[in-house]
file input29.cif (mmCIF, C-alpha atoms and all ligand atoms; chains and numbers go by the auth columns)
data_entry
loop_
_atom_site.group_PDB
_atom_site.id
_atom_site.type_symbol
_atom_site.label_atom_id
_atom_site.label_comp_id
_atom_site.label_asym_id
_atom_site.label_seq_id
_atom_site.Cartn_x
_atom_site.Cartn_y
_atom_site.Cartn_z
_atom_site.B_iso_or_equiv
_atom_site.auth_seq_id
_atom_site.auth_asym_id
ATOM 1 C CA MET A 1 8.714 8.044 -15.006 0.00 1 A
ATOM 2 C CA ILE A 2 7.371 10.289 -12.242 0.00 2 A
ATOM 3 C CA SER A 3 9.831 12.423 -10.277 0.00 3 A
ATOM 4 C CA ARG A 4 10.296 12.122 -6.521 0.00 4 A
ATOM 5 C CA GLU A 5 9.454 15.845 -6.225 0.00 5 A
ATOM 6 C CA ARG A 6 6.130 15.348 -7.985 0.00 6 A
ATOM 7 C CA VAL A 7 5.200 12.369 -5.760 0.00 7 A
ATOM 8 C CA LEU A 8 6.031 14.364 -2.613 0.00 8 A
ATOM 9 C CA GLU A 9 3.967 17.246 -3.979 0.00 9 A
ATOM 10 C CA ILE A 10 0.952 14.951 -4.469 0.00 10 A
ATOM 11 C CA LEU A 11 1.331 13.445 -0.974 0.00 11 A
ATOM 12 C CA LYS A 12 1.393 16.978 0.420 0.00 12 A
ATOM 13 C CA GLU A 13 -1.574 18.207 -1.632 0.00 13 A
ATOM 14 C CA ALA A 14 -3.648 15.155 -0.650 0.00 14 A
ATOM 15 C CA ASP A 15 -2.629 15.689 3.001 0.00 15 A
ATOM 16 C CA VAL A 16 -1.342 12.123 3.257 0.00 16 A
ATOM 17 C CA LEU A 17 1.514 12.770 5.629 0.00 17 A
ATOM 18 C CA LEU A 18 0.091 13.283 9.122 0.00 18 A
ATOM 19 C CA GLU A 19 2.047 14.684 12.054 0.00 19 A
ATOM 20 C CA GLY A 20 1.332 13.866 15.692 0.00 20 A
ATOM 21 C CA HIS A 21 1.954 10.842 17.884 0.00 21 A
ATOM 22 C CA PHE A 22 0.949 7.487 16.481 0.00 22 A
ATOM 23 C CA LEU A 23 0.859 3.844 17.512 0.00 23 A
ATOM 24 C CA LEU A 24 1.773 1.857 14.401 0.00 24 A
ATOM 25 C CA THR A 25 0.515 -1.656 13.594 0.00 25 A
ATOM 26 C CA SER A 26 4.011 -2.922 14.409 0.00 26 A
ATOM 27 C CA GLY A 27 3.605 -1.683 18.006 0.00 27 A
ATOM 28 C CA ARG A 28 6.188 1.061 17.482 0.00 28 A
ATOM 29 C CA HIS A 29 5.474 4.776 17.922 0.00 29 A
ATOM 30 C CA SER A 30 6.052 7.509 15.366 0.00 30 A
ATOM 31 C CA GLY A 31 5.625 11.258 14.997 0.00 31 A
ATOM 32 C CA LYS A 32 4.467 10.785 11.407 0.00 32 A
ATOM 33 C CA TYR A 33 1.876 8.633 9.737 0.00 33 A
ATOM 34 C CA LEU A 34 0.969 8.089 6.102 0.00 34 A
ATOM 35 C CA GLN A 35 -2.778 8.049 5.558 0.00 35 A
ATOM 36 C CA CYS A 36 -2.478 6.762 1.995 0.00 36 A
ATOM 37 C CA ALA A 37 -6.205 6.219 1.531 0.00 37 A
ATOM 38 C CA LYS A 38 -6.446 9.999 1.184 0.00 38 A
ATOM 39 C CA ILE A 39 -4.751 9.819 -2.229 0.00 39 A
ATOM 40 C CA PHE A 40 -7.736 7.902 -3.585 0.00 40 A
ATOM 41 C CA GLN A 41 -10.143 10.688 -2.652 0.00 41 A
ATOM 42 C CA TYR A 42 -8.805 12.435 -5.735 0.00 42 A
ATOM 43 C CA THR A 43 -8.938 10.555 -9.028 0.00 43 A
ATOM 44 C CA LYS A 44 -6.364 12.892 -10.614 0.00 44 A
ATOM 45 C CA TYR A 45 -3.770 11.880 -7.991 0.00 45 A
ATOM 46 C CA SER A 46 -4.582 8.172 -7.921 0.00 46 A
ATOM 47 C CA GLU A 47 -4.500 8.131 -11.717 0.00 47 A
ATOM 48 C CA GLU A 48 -1.085 9.794 -11.867 0.00 48 A
ATOM 49 C CA LEU A 49 0.530 7.590 -9.208 0.00 49 A
ATOM 50 C CA CYS A 50 -1.035 4.318 -10.364 0.00 50 A
ATOM 51 C CA ALA A 51 -0.124 5.047 -14.001 0.00 51 A
ATOM 52 C CA ALA A 52 3.504 5.523 -12.944 0.00 52 A
ATOM 53 C CA LEU A 53 3.428 2.193 -11.118 0.00 53 A
ATOM 54 C CA ALA A 54 1.616 0.376 -13.939 0.00 54 A
ATOM 55 C CA GLU A 55 4.300 1.491 -16.415 0.00 55 A
ATOM 56 C CA MET A 56 6.965 -0.227 -14.283 0.00 56 A
ATOM 57 C CA PHE A 57 5.198 -3.541 -14.959 0.00 57 A
ATOM 58 C CA ARG A 58 4.137 -2.855 -18.564 0.00 58 A
ATOM 59 C CA ASP A 59 6.599 -5.440 -19.983 0.00 59 A
ATOM 60 C CA LYS A 60 5.520 -8.225 -17.594 0.00 60 A
ATOM 61 C CA ASN A 61 2.397 -9.255 -19.526 0.00 61 A
ATOM 62 C CA ILE A 62 0.217 -9.052 -16.432 0.00 62 A
ATOM 63 C CA ASP A 63 -3.141 -10.854 -16.627 0.00 63 A
ATOM 64 C CA VAL A 64 -4.628 -9.858 -13.274 0.00 64 A
ATOM 65 C CA VAL A 65 -3.995 -7.184 -10.632 0.00 65 A
ATOM 66 C CA ILE A 66 -4.921 -8.052 -7.053 0.00 66 A
ATOM 67 C CA GLY A 67 -4.738 -6.119 -3.795 0.00 67 A
ATOM 68 C CA PRO A 68 -5.695 -6.819 -0.197 0.00 68 A
ATOM 69 C CA ALA A 69 -8.971 -5.196 0.929 0.00 69 A
ATOM 70 C CA LEU A 70 -9.729 -2.567 1.875 0.00 70 A
ATOM 71 C CA GLY A 71 -6.581 -0.504 1.467 0.00 71 A
ATOM 72 C CA ALA A 72 -5.688 -1.642 -2.042 0.00 72 A
ATOM 73 C CA VAL A 73 -9.123 -2.110 -3.637 0.00 73 A
ATOM 74 C CA LEU A 74 -9.145 1.243 -5.421 0.00 74 A
ATOM 75 C CA MET A 75 -5.449 0.987 -6.185 0.00 75 A
ATOM 76 C CA SER A 76 -5.862 -2.428 -7.820 0.00 76 A
ATOM 77 C CA TYR A 77 -8.677 -1.028 -9.974 0.00 77 A
ATOM 78 C CA GLU A 78 -6.653 1.988 -11.060 0.00 78 A
ATOM 79 C CA VAL A 79 -3.429 0.074 -11.825 0.00 79 A
ATOM 80 C CA SER A 80 -5.357 -2.522 -13.847 0.00 80 A
ATOM 81 C CA ARG A 81 -7.094 0.223 -15.808 0.00 81 A
ATOM 82 C CA HIS A 82 -3.719 1.472 -17.055 0.00 82 A
ATOM 83 C CA LEU A 83 -2.619 -2.036 -17.998 0.00 83 A
ATOM 84 C CA GLY A 84 -5.957 -2.894 -19.604 0.00 84 A
ATOM 85 C CA VAL A 85 -6.337 -6.085 -17.556 0.00 85 A
ATOM 86 C CA LYS A 86 -8.655 -7.593 -14.956 0.00 86 A
ATOM 87 C CA ASN A 87 -8.518 -6.604 -11.298 0.00 87 A
ATOM 88 C CA ILE A 88 -9.777 -8.320 -8.186 0.00 88 A
ATOM 89 C CA PHE A 89 -9.245 -8.009 -4.459 0.00 89 A
ATOM 90 C CA ALA A 90 -8.588 -10.415 -1.622 0.00 90 A
ATOM 91 C CA GLU A 91 -10.469 -10.084 1.634 0.00 91 A
ATOM 92 C CA ARG A 92 -10.249 -11.720 5.009 0.00 92 A
ATOM 93 C CA GLU A 93 -12.581 -14.515 5.941 0.00 93 A
ATOM 94 C CA GLU A 94 -12.024 -15.878 9.451 0.00 94 A
ATOM 95 C CA GLY A 95 -8.690 -14.072 9.483 0.00 95 A
ATOM 96 C CA LYS A 96 -7.352 -15.514 6.219 0.00 96 A
ATOM 97 C CA PHE A 97 -7.169 -13.762 2.838 0.00 97 A
ATOM 98 C CA THR A 98 -9.409 -15.375 0.273 0.00 98 A
ATOM 99 C CA LEU A 99 -11.228 -14.617 -2.988 0.00 99 A
ATOM 100 C CA ARG A 100 -14.960 -14.075 -2.661 0.00 100 A
ATOM 101 C CA ARG A 101 -17.703 -12.702 -4.943 0.00 101 A
ATOM 102 C CA GLY A 102 -16.903 -15.186 -7.712 0.00 102 A
ATOM 103 C CA PHE A 103 -13.412 -13.731 -8.245 0.00 103 A
ATOM 104 C CA SER A 104 -10.893 -16.208 -9.638 0.00 104 A
ATOM 105 C CA ILE A 105 -7.319 -16.642 -10.797 0.00 105 A
ATOM 106 C CA GLU A 106 -6.649 -19.169 -13.550 0.00 106 A
ATOM 107 C CA LYS A 107 -3.718 -21.542 -13.425 0.00 107 A
ATOM 108 C CA GLY A 108 -0.585 -19.925 -14.889 0.00 108 A
ATOM 109 C CA GLN A 109 -1.982 -16.378 -14.990 0.00 109 A
ATOM 110 C CA LYS A 110 0.564 -13.643 -14.331 0.00 110 A
ATOM 111 C CA VAL A 111 -0.539 -11.723 -11.290 0.00 111 A
ATOM 112 C CA LEU A 112 0.580 -8.324 -10.039 0.00 112 A
ATOM 113 C CA VAL A 113 0.022 -7.817 -6.293 0.00 113 A
ATOM 114 C CA VAL A 114 -0.463 -4.191 -5.238 0.00 114 A
ATOM 115 C CA GLU A 115 -0.557 -2.460 -1.867 0.00 115 A
ATOM 116 C CA ASP A 116 -0.716 1.251 -1.040 0.00 116 A
ATOM 117 C CA VAL A 117 1.933 1.246 1.694 0.00 117 A
ATOM 118 C CA VAL A 118 4.450 -1.521 2.352 0.00 118 A
ATOM 119 C CA THR A 119 6.045 -1.446 5.816 0.00 119 A
ATOM 120 C CA THR A 120 6.629 -5.067 6.814 0.00 120 A
ATOM 121 C CA GLY A 121 4.680 -6.420 3.838 0.00 121 A
ATOM 122 C CA GLY A 122 2.604 -8.795 5.950 0.00 122 A
ATOM 123 C CA SER A 123 -0.653 -8.531 3.992 0.00 123 A
ATOM 124 C CA VAL A 124 1.177 -8.690 0.652 0.00 124 A
ATOM 125 C CA LYS A 125 2.950 -11.902 1.678 0.00 125 A
ATOM 126 C CA GLU A 126 -0.406 -13.450 2.577 0.00 126 A
ATOM 127 C CA VAL A 127 -1.886 -12.446 -0.782 0.00 127 A
ATOM 128 C CA ILE A 128 1.181 -13.886 -2.576 0.00 128 A
ATOM 129 C CA GLU A 129 0.522 -17.212 -0.821 0.00 129 A
ATOM 130 C CA LEU A 130 -3.125 -17.076 -1.859 0.00 130 A
ATOM 131 C CA VAL A 131 -2.197 -16.427 -5.515 0.00 131 A
ATOM 132 C CA LYS A 132 0.304 -19.290 -5.531 0.00 132 A
ATOM 133 C CA ASN A 133 -2.176 -21.669 -3.895 0.00 133 A
ATOM 134 C CA LEU A 134 -4.640 -20.871 -6.693 0.00 134 A
ATOM 135 C CA GLY A 135 -2.009 -21.702 -9.322 0.00 135 A
ATOM 136 C CA GLY A 136 -1.253 -18.113 -10.330 0.00 136 A
ATOM 137 C CA GLU A 137 2.242 -16.843 -11.052 0.00 137 A
ATOM 138 C CA VAL A 138 3.252 -13.776 -9.016 0.00 138 A
ATOM 139 C CA ALA A 139 4.862 -11.496 -11.600 0.00 139 A
ATOM 140 C CA GLY A 140 5.637 -8.729 -9.133 0.00 140 A
ATOM 141 C CA VAL A 141 4.612 -6.552 -6.220 0.00 141 A
ATOM 142 C CA GLY A 142 3.861 -2.855 -6.655 0.00 142 A
ATOM 143 C CA ALA A 143 3.365 -0.216 -3.955 0.00 143 A
ATOM 144 C CA ILE A 144 2.730 3.503 -3.915 0.00 144 A
ATOM 145 C CA VAL A 145 4.969 3.966 -0.869 0.00 145 A
ATOM 146 C CA ASP A 146 7.752 1.660 0.287 0.00 146 A
ATOM 147 C CA ARG A 147 8.419 2.375 3.955 0.00 147 A
ATOM 148 C CA SER A 148 10.750 -0.578 4.370 0.00 148 A
ATOM 149 C CA GLY A 149 13.766 1.139 2.847 0.00 149 A
ATOM 150 C CA GLY A 150 13.924 -1.643 0.257 0.00 150 A
ATOM 151 C CA LYS A 151 14.354 -4.254 3.007 0.00 151 A
ATOM 152 C CA VAL A 152 11.263 -6.343 2.322 0.00 152 A
ATOM 153 C CA ASP A 153 11.874 -9.457 0.244 0.00 153 A
ATOM 154 C CA PHE A 154 8.801 -10.855 -1.474 0.00 154 A
ATOM 155 C CA GLY A 155 10.798 -13.333 -3.551 0.00 155 A
ATOM 156 C CA CYS A 156 9.808 -11.476 -6.729 0.00 156 A
ATOM 157 C CA ASP A 157 10.188 -8.110 -8.436 0.00 157 A
ATOM 158 C CA PHE A 158 9.152 -5.357 -5.964 0.00 158 A
ATOM 159 C CA LYS A 159 8.725 -1.783 -7.181 0.00 159 A
ATOM 160 C CA SER A 160 7.329 1.341 -5.557 0.00 160 A
ATOM 161 C CA VAL A 161 6.484 4.830 -6.762 0.00 161 A
ATOM 162 C CA ILE A 162 8.399 6.326 -3.840 0.00 162 A
ATOM 163 C CA SER A 163 10.551 5.058 -0.997 0.00 163 A
ATOM 164 C CA LEU A 164 9.979 6.969 2.244 0.00 164 A
ATOM 165 C CA GLU A 165 11.507 6.017 5.536 0.00 165 A
ATOM 166 C CA VAL A 166 9.577 7.380 8.481 0.00 166 A
ATOM 167 C CA GLU A 167 11.331 7.310 11.827 0.00 167 A
ATOM 168 C CA SER A 168 9.717 5.149 14.497 0.00 168 A
ATOM 169 C CA TYR A 169 10.568 4.250 18.097 0.00 169 A
ATOM 170 C CA GLU A 170 10.109 1.512 20.643 0.00 170 A
ATOM 171 C CA PRO A 171 7.476 2.875 23.090 0.00 171 A
ATOM 172 C CA SER A 172 10.106 2.918 25.879 0.00 172 A
ATOM 173 C CA ASP A 173 12.387 5.169 23.757 0.00 173 A
ATOM 174 C CA CYS A 174 9.662 7.363 22.286 0.00 174 A
ATOM 175 C CA PRO A 175 10.459 11.090 22.655 0.00 175 A
ATOM 176 C CA LEU A 176 6.763 11.965 22.272 0.00 176 A
ATOM 177 C CA CYS A 177 5.782 9.667 25.161 0.00 177 A
ATOM 178 C CA LYS A 178 8.457 11.386 27.253 0.00 178 A
ATOM 179 C CA GLN A 179 6.633 14.685 26.622 0.00 179 A
ATOM 180 C CA ASN A 180 3.377 13.038 27.796 0.00 180 A
ATOM 181 C CA ILE A 181 1.706 13.598 24.446 0.00 181 A
ATOM 182 C CA PRO A 182 -1.144 11.074 24.095 0.00 182 A
ATOM 183 C CA TYR A 183 -0.842 8.793 21.075 0.00 183 A
ATOM 184 C CA ILE A 184 -3.561 7.673 18.721 0.00 184 A
ATOM 185 C CA LYS A 185 -3.986 4.533 16.682 0.00 185 A
ATOM 186 C CA PRO A 186 -4.157 5.491 13.011 0.00 186 A
ATOM 187 C CA GLY A 187 -7.319 4.495 11.232 0.00 187 A
ATOM 188 C CA SER A 188 -9.346 5.504 14.267 0.00 188 A
ATOM 189 C CA ARG A 189 -11.836 8.303 13.989 0.00 189 A
ATOM 190 C CA ASN A 190 -9.499 10.639 15.857 0.00 190 A
ATOM 191 C CA ILE A 191 -7.579 11.219 12.669 0.00 191 A
ATOM 192 C CA LYS A 192 -8.557 14.258 10.755 0.00 192 A
HETATM 193 ZN ZN ZN B . 5.180 7.373 21.945 0.00 201 A
#
call {"tool": "encode", "arguments": {"input": "input29.cif", "output": "structure tokens"}}
result
Amino acid sequence: MISRERVLEILKEADVLLEGHFLLTSGRHSGKYLQCAKIFQYTKYSEELCAALAEMFRDKNIDVVIGPALGAVLMSYEVSRHLGVKNIFAEREEGKFTLRRGFSIEKGQKVLVVEDVVTTGGSVKEVIELVKNLGGEVAGVGAIVDRSGGKVDFGCDFKSVISLEVESYEPSDCPLCKQNIPYIKPGSRNIK
């Protein structure tokens, strides 16, 4: 079991927590943004966090780990490595998540769905549907960071390495907009 202090230390060392003025995917604004992909720049950090998550699902007899591309490709690989099982990723084709590259899920296989950050859980829910449509059994959902405050319901066991609530605002109530600070859309090349 990894301590909350250690997780926060890793997020700080990997410079994951950005400060500024951000437009989130939800349309809300925030003064903070988690650039979780930065964790995976460093194998020692991704190994430590993914091992902690993998241990939470050790007793579930997972057959396959899957994550939505691109954000969870490396995470899926690392979690599966700790469990000693197969890993694949789902990617969008004409807007819908699908399996390409000859990836497959067999009927009845126990599948762990992983995602680096869960806010509303939209992508995860789509991947869960994909797994079910292929005949797989969703054994759980695992995230590095849960930003939902435990509010997301995937209809299965959901575990995260850390729960972090980051304050966000409707654009009309945003204190940073009121100070005329320009916002940026995370993921754009403006982010250092
Ligand atoms: Zn704003």
call {"tool": "residues_near_ligand", "arguments": {"input": "input29.cif", "ligand": "ligand ZN 201 (chain A)", "cutoff": "7 Å", "atoms": "all atoms listed in the file", "output": "list in words"}}
result
His21, Phe22, His29, Ser30, Pro171, Cys174, Pro175, Leu176, Cys177 and Tyr183 of chain A
call {"tool": "closest_residue", "arguments": {"input": "input29.cif", "among": "A:Gln109, A:Ser160, A:Thr98, A:Ser172", "to": "A:Leu130", "atoms": "only C-alpha atoms"}}
result
A:Thr98
call {"tool": "residues_around", "arguments": {"input": "input29.cif", "residues": "stretch 105-108 of chain A", "least_positions_apart": "4", "cutoff": "9 Å", "atoms": "all atoms listed in the file", "output": "MDAnalysis selection string"}}
result
chainID A and resid 64 99 131 134:137
call {"tool": "resolve_selection", "arguments": {"input": "input29.cif", "expression": "the PyMOL selection byres (((chain A and resi 119) around 7) and not hetatm)", "output": "number ranges by chain"}}
result
A: 117-118, 120-121, 146-148
call {"tool": "axis_aligned_box", "arguments": {"input": "input29.cif", "around": "stretch 134-145 of chain A", "padding_each_side": "4 Å", "output": "AutoDock Vina command-line options"}}
result
--center_x 0.5 --center_y -8.9 --center_z -6.2 --size_x 18.3 --size_y 33.7 --size_z 18.7
call {"tool": "closest_residue", "arguments": {"input": "input29.cif", "among": "A:Glu78, A:Glu19, A:Glu55, A:Glu115", "to": "A:Met1", "atoms": "only C-alpha atoms"}}
result
A:Glu55
call {"tool": "residues_near_point", "arguments": {"input": "input29.cif", "point": "(0.9, 7.4, -11.7)", "cutoff": "10 Å", "atoms": "only C-alpha atoms", "output": "list of chain:residue names"}}
result
A:Met1, A:Ile2, A:Val7, A:Lys44, A:Tyr45, A:Ser46, A:Glu47, A:Glu48, A:Leu49, A:Cys50, A:Ala51, A:Ala52, A:Leu53, A:Ala54, A:Glu55, A:Glu78, A:Val79, A:His82, A:Ile144, A:Val161
call {"tool": "atom_distance", "arguments": {"input": "input29.cif", "atom1": "atom CA of A:Gly102", "atom2": "atom CA of A:Lys38"}}
result
28.7 Å
call {"tool": "atom_distance", "arguments": {"input": "input29.cif", "atom1": "atom CA of A:Ile66", "atom2": "atom CA of A:Phe89"}}
result
5.0 Å
call {"tool": "atom_distance", "arguments": {"input": "input29.cif", "atom1": "atom CA of A:Ile62", "atom2": "atom CA of A:Val152"}}
result
21.9 Å
call {"tool": "resolve_selection", "arguments": {"input": "input29.cif", "expression": "the PyMOL selection byres (((chain A and resi 138) around 6) and not hetatm)", "output": "PyMOL selection string"}}
result
chain A and resi 110-111+137+139-140
call {"tool": "build_atoms", "arguments": {"input": "input29.cif", "residues": "stretch 155-166 of chain A", "atoms": "all heavy atoms", "output": "compact mmCIF listing (two decimals), in the coordinates of the input"}}
result
# COMPACT_ATOMS: atom_id res chain seq x y z
N GLY A 155 10.40 -12.23 -2.68
CA GLY A 155 10.80 -13.33 -3.55
C GLY A 155 10.43 -13.09 -5.00
O GLY A 155 10.36 -14.02 -5.80
N CYS A 156 10.13 -11.82 -5.34
CA CYS A 156 9.81 -11.48 -6.73
C CYS A 156 10.13 -10.00 -6.90
O CYS A 156 10.57 -9.34 -5.97
CB CYS A 156 8.33 -11.75 -7.03
SG CYS A 156 7.21 -10.74 -6.04
N ASP A 157 9.90 -9.49 -8.12
CA ASP A 157 10.19 -8.11 -8.44
C ASP A 157 9.30 -7.17 -7.59
O ASP A 157 8.08 -7.27 -7.65
CB ASP A 157 9.86 -7.94 -9.92
CG ASP A 157 10.50 -6.72 -10.51
OD1 ASP A 157 11.38 -6.14 -9.85
OD2 ASP A 157 10.11 -6.34 -11.64
N PHE A 158 9.91 -6.30 -6.79
CA PHE A 158 9.15 -5.36 -5.96
C PHE A 158 9.52 -3.93 -6.37
O PHE A 158 10.68 -3.54 -6.32
CB PHE A 158 9.46 -5.59 -4.48
CG PHE A 158 8.88 -4.55 -3.55
CD1 PHE A 158 7.60 -4.04 -3.75
CD2 PHE A 158 9.61 -4.09 -2.46
CE1 PHE A 158 7.06 -3.08 -2.89
CE2 PHE A 158 9.09 -3.12 -1.59
CZ PHE A 158 7.82 -2.62 -1.81
N LYS A 159 8.49 -3.17 -6.78
CA LYS A 159 8.72 -1.78 -7.18
C LYS A 159 7.74 -0.86 -6.48
O LYS A 159 6.60 -1.25 -6.21
CB LYS A 159 8.55 -1.65 -8.70
CG LYS A 159 9.64 -2.33 -9.51
CD LYS A 159 9.51 -1.98 -10.97
CE LYS A 159 10.78 -2.30 -11.74
NZ LYS A 159 10.90 -3.74 -12.00
N SER A 160 8.22 0.36 -6.18
CA SER A 160 7.33 1.34 -5.56
C SER A 160 7.47 2.67 -6.28
O SER A 160 8.49 2.93 -6.93
CB SER A 160 7.68 1.51 -4.08
OG SER A 160 8.99 2.01 -3.96
N VAL A 161 6.44 3.51 -6.14
CA VAL A 161 6.48 4.83 -6.76
C VAL A 161 7.45 5.72 -5.98
O VAL A 161 8.16 6.52 -6.56
CB VAL A 161 5.07 5.45 -6.82
CG1 VAL A 161 5.10 6.83 -7.47
CG2 VAL A 161 4.12 4.54 -7.59
N ILE A 162 7.46 5.55 -4.65
CA ILE A 162 8.40 6.33 -3.84
C ILE A 162 8.81 5.51 -2.61
O ILE A 162 8.01 4.74 -2.07
CB ILE A 162 7.80 7.70 -3.42
CG1 ILE A 162 8.90 8.61 -2.85
CG2 ILE A 162 6.64 7.55 -2.45
CD1 ILE A 162 8.50 10.08 -2.74
N SER A 163 10.07 5.68 -2.21
CA SER A 163 10.55 5.06 -1.00
C SER A 163 10.68 6.15 0.06
O SER A 163 11.33 7.17 -0.17
CB SER A 163 11.91 4.42 -1.28
OG SER A 163 12.41 3.85 -0.10
N LEU A 164 9.99 5.95 1.18
CA LEU A 164 9.98 6.97 2.24
C LEU A 164 10.22 6.28 3.58
O LEU A 164 9.43 5.43 3.99
CB LEU A 164 8.60 7.63 2.35
CG LEU A 164 8.21 8.77 1.43
CD1 LEU A 164 6.83 9.26 1.86
CD2 LEU A 164 9.21 9.90 1.46
N GLU A 165 11.28 6.60 4.22
CA GLU A 165 11.51 6.02 5.54
C GLU A 165 11.02 7.00 6.59
O GLU A 165 11.43 8.15 6.61
CB GLU A 165 12.97 5.67 5.73
CG GLU A 165 13.31 4.36 5.02
CD GLU A 165 14.57 3.72 5.54
OE1 GLU A 165 14.51 3.05 6.59
OE2 GLU A 165 15.62 3.92 4.90
N VAL A 166 10.12 6.54 7.42
CA VAL A 166 9.58 7.38 8.48
C VAL A 166 10.11 6.84 9.80
O VAL A 166 9.98 5.65 10.09
CB VAL A 166 8.03 7.39 8.45
CG1 VAL A 166 7.48 8.24 9.58
CG2 VAL A 166 7.53 7.89 7.12
